[in-house]
Amino acid sequence: MLVWERPEPPNRPAPASLSRDRIVRAAIRLADADGLEAVSLRKVAAALGVGPMRLYGYIASKEELLDLMVDAIHAEIRPVGDGWREMLRSLAVTTRQAAHEHEWLADLLGGRPQLGPHALARGEAVMAALDGVDVDAAMPVVGAVDAYVIGTVRREIAERRAERASGMDERHWQASLGPYLERTFATGRFPALATVVRDAAHLDADDTFRIGLDFLLDGIAASISR
């Protein structure tokens with residue numbers, strides 16, 4: 001029986017009351033503060049002021065805990081919109097927002113489908129908005145949007161982590177590499193790349209995400225209208 005279906009043990013007098021929700025919220029606080037490396041049943045138990053063995057009545061393993069954490073964040077991803085395009089845009093934007101608020105989520109998105117109740121509710125809302133789209137196209141369409149968002153947020157979070165590790169923000173990093181690029185482009189070996197770097201608009205992360213998402217949605221619209 002999956003963790004979402006398994007009943008919690010009966011409540012009993014104890015120095016500190018427990019529930020799956022309290023355990024998951026404590027784990028999320030640890031992960032938000034210090035990453036997934038800070039999450040273990042032992043550390044969560046310590047944060048709750050209980051012995052680690054008490055947690056096993058509620059959660060059988062760290063893998064179950066991670067599944068519950070991801071599903072809890074899916075409750076924050078509530079896409080809305082009139083029609084499939086605005087629903088998919090909202091899905092992309094709210095997923096990205098959740099990953100920026102909980103950096104560790106970027107490490108757990110993707111892979112096998114999330115089947116917790118909040119993830120299923122998200123999926124139901126999105127699929128309902130795709131009513132009228134060919135049933136065989138619905139999952140690939142949502143998969144394309146998910147893949148775009150996951151790839152984007154992983155790159156953005158990786159850049160954020162690199163900035164923290166190096167102490168150099170994007171502006172300082174670009175300034176440090178500027179002379180090297182100027183020397184390299186002066187060789188004439190990379191004319192197309194040099195043109196883009198020198199002449200193209202330098203967009204921030206939000207604009208880059210929005211424009212890329214528009215390209216993707218335009219492509220989906222063209223495909224499903226054929």
# chains A, B, ... in the order shown; residues from 1 in each chain; ligands from 1
call {"tool": "select_by_dssp", "arguments": {"residues": "region 81-158 of chain A", "states": "helix (DSSP H, G or I)", "output": "PyMOL selection string"}}
result
chain A and resi 83-101+105-108+117-129+135-158
call {"tool": "residues_around", "arguments": {"residues": "region 154-171 of chain A", "least_positions_apart": "5", "cutoff": "8 Å", "atoms": "only C-alpha atoms", "output": "list in words"}}
result
His100, Glu103, Ala106, Asp107 and Ala205 of chain A
call {"tool": "residues_around", "arguments": {"residues": "region 110-121 of chain A", "least_positions_apart": "3", "cutoff": "6 Å", "atoms": "only C-alpha atoms", "output": "list of chain:residue names"}}
result
A:Asp71, A:His74, A:Ala75, A:Glu124
call {"tool": "write_last_selection", "arguments": {"atoms": "all heavy atoms", "output": "mmCIF file, in the first residue's frame"}}
result
data_model
loop_
_atom_site.group_PDB
_atom_site.id
_atom_site.type_symbol
_atom_site.label_atom_id
_atom_site.label_comp_id
_atom_site.auth_asym_id
_atom_site.auth_seq_id
_atom_site.Cartn_x
_atom_site.Cartn_y
_atom_site.Cartn_z
ATOM 1 N N ASP A 71 4.959 16.034 -3.097
ATOM 2 C CA ASP A 71 3.512 16.183 -3.246
ATOM 3 C C ASP A 71 2.997 17.379 -2.457
ATOM 4 O O ASP A 71 2.062 18.057 -2.903
ATOM 5 C CB ASP A 71 2.794 14.909 -2.805
ATOM 6 C CG ASP A 71 1.355 14.893 -3.289
ATOM 7 O OD1 ASP A 71 1.155 14.903 -4.528
ATOM 8 O OD2 ASP A 71 0.441 14.908 -2.450
ATOM 9 N N HIS A 74 3.426 20.266 -4.547
ATOM 10 C CA HIS A 74 2.441 20.292 -5.637
ATOM 11 C C HIS A 74 1.153 20.996 -5.208
ATOM 12 O O HIS A 74 0.408 21.497 -6.064
ATOM 13 C CB HIS A 74 2.132 18.877 -6.122
ATOM 14 C CG HIS A 74 3.031 18.419 -7.224
ATOM 15 N ND1 HIS A 74 4.242 17.806 -7.002
ATOM 16 C CD2 HIS A 74 2.926 18.508 -8.569
ATOM 17 C CE1 HIS A 74 4.819 17.521 -8.151
ATOM 18 N NE2 HIS A 74 4.046 17.945 -9.110
ATOM 19 N N ALA A 75 0.875 21.042 -3.934
ATOM 20 C CA ALA A 75 -0.296 21.788 -3.462
ATOM 21 C C ALA A 75 -0.147 23.274 -3.728
ATOM 22 O O ALA A 75 -1.144 24.007 -3.791
ATOM 23 C CB ALA A 75 -0.517 21.527 -1.975
ATOM 24 N N GLU A 124 -5.207 16.599 -13.068
ATOM 25 C CA GLU A 124 -6.618 16.619 -13.458
ATOM 26 C C GLU A 124 -7.010 17.990 -14.000
ATOM 27 O O GLU A 124 -7.701 18.096 -15.026
ATOM 28 C CB GLU A 124 -7.486 16.251 -12.258
ATOM 29 C CG GLU A 124 -8.983 16.352 -12.503
ATOM 30 C CD GLU A 124 -9.510 15.371 -13.534
ATOM 31 O OE1 GLU A 124 -8.823 14.359 -13.818
ATOM 32 O OE2 GLU A 124 -10.607 15.606 -14.071
#
call {"tool": "residues_around", "arguments": {"residues": "Gly35 (chain A)", "least_positions_apart": "4", "cutoff": "9 Å", "atoms": "only C-alpha atoms", "output": "ChimeraX atom specification"}}
result
/A:30-31,39,102-104
call {"tool": "atom_distance", "arguments": {"atom1": "CA of Ala222 (chain A)", "atom2": "CA of Val145 (chain A)"}}
result
15.0 Å
call {"tool": "closest_residue", "arguments": {"among": "A:Val44, A:Leu108, A:Ala98, A:Ala38", "to": "Leu66 (chain A)", "atoms": "only C-alpha atoms"}}
result
A:Leu108
call {"tool": "residues_around", "arguments": {"residues": "Arg210 (chain A)", "least_positions_apart": "6", "cutoff": "12 Å", "atoms": "only C-alpha atoms", "output": "ChimeraX atom specification"}}
result
/A:89-90,92-93,96,148-149,152,203-204,216-217
call {"tool": "residues_around", "arguments": {"residues": "Arg20 (chain A)", "least_positions_apart": "2", "cutoff": "8 Å", "atoms": "only C-alpha atoms", "output": "ChimeraX atom specification"}}
result
/A:8,18,22-24,58-59
call {"tool": "residues_around", "arguments": {"residues": "Ala26 (chain A)", "least_positions_apart": "6", "cutoff": "12 Å", "atoms": "only C-alpha atoms", "output": "ChimeraX atom specification"}}
result
/A:18-20,32-33,38-49,55,65-66,68-69,72
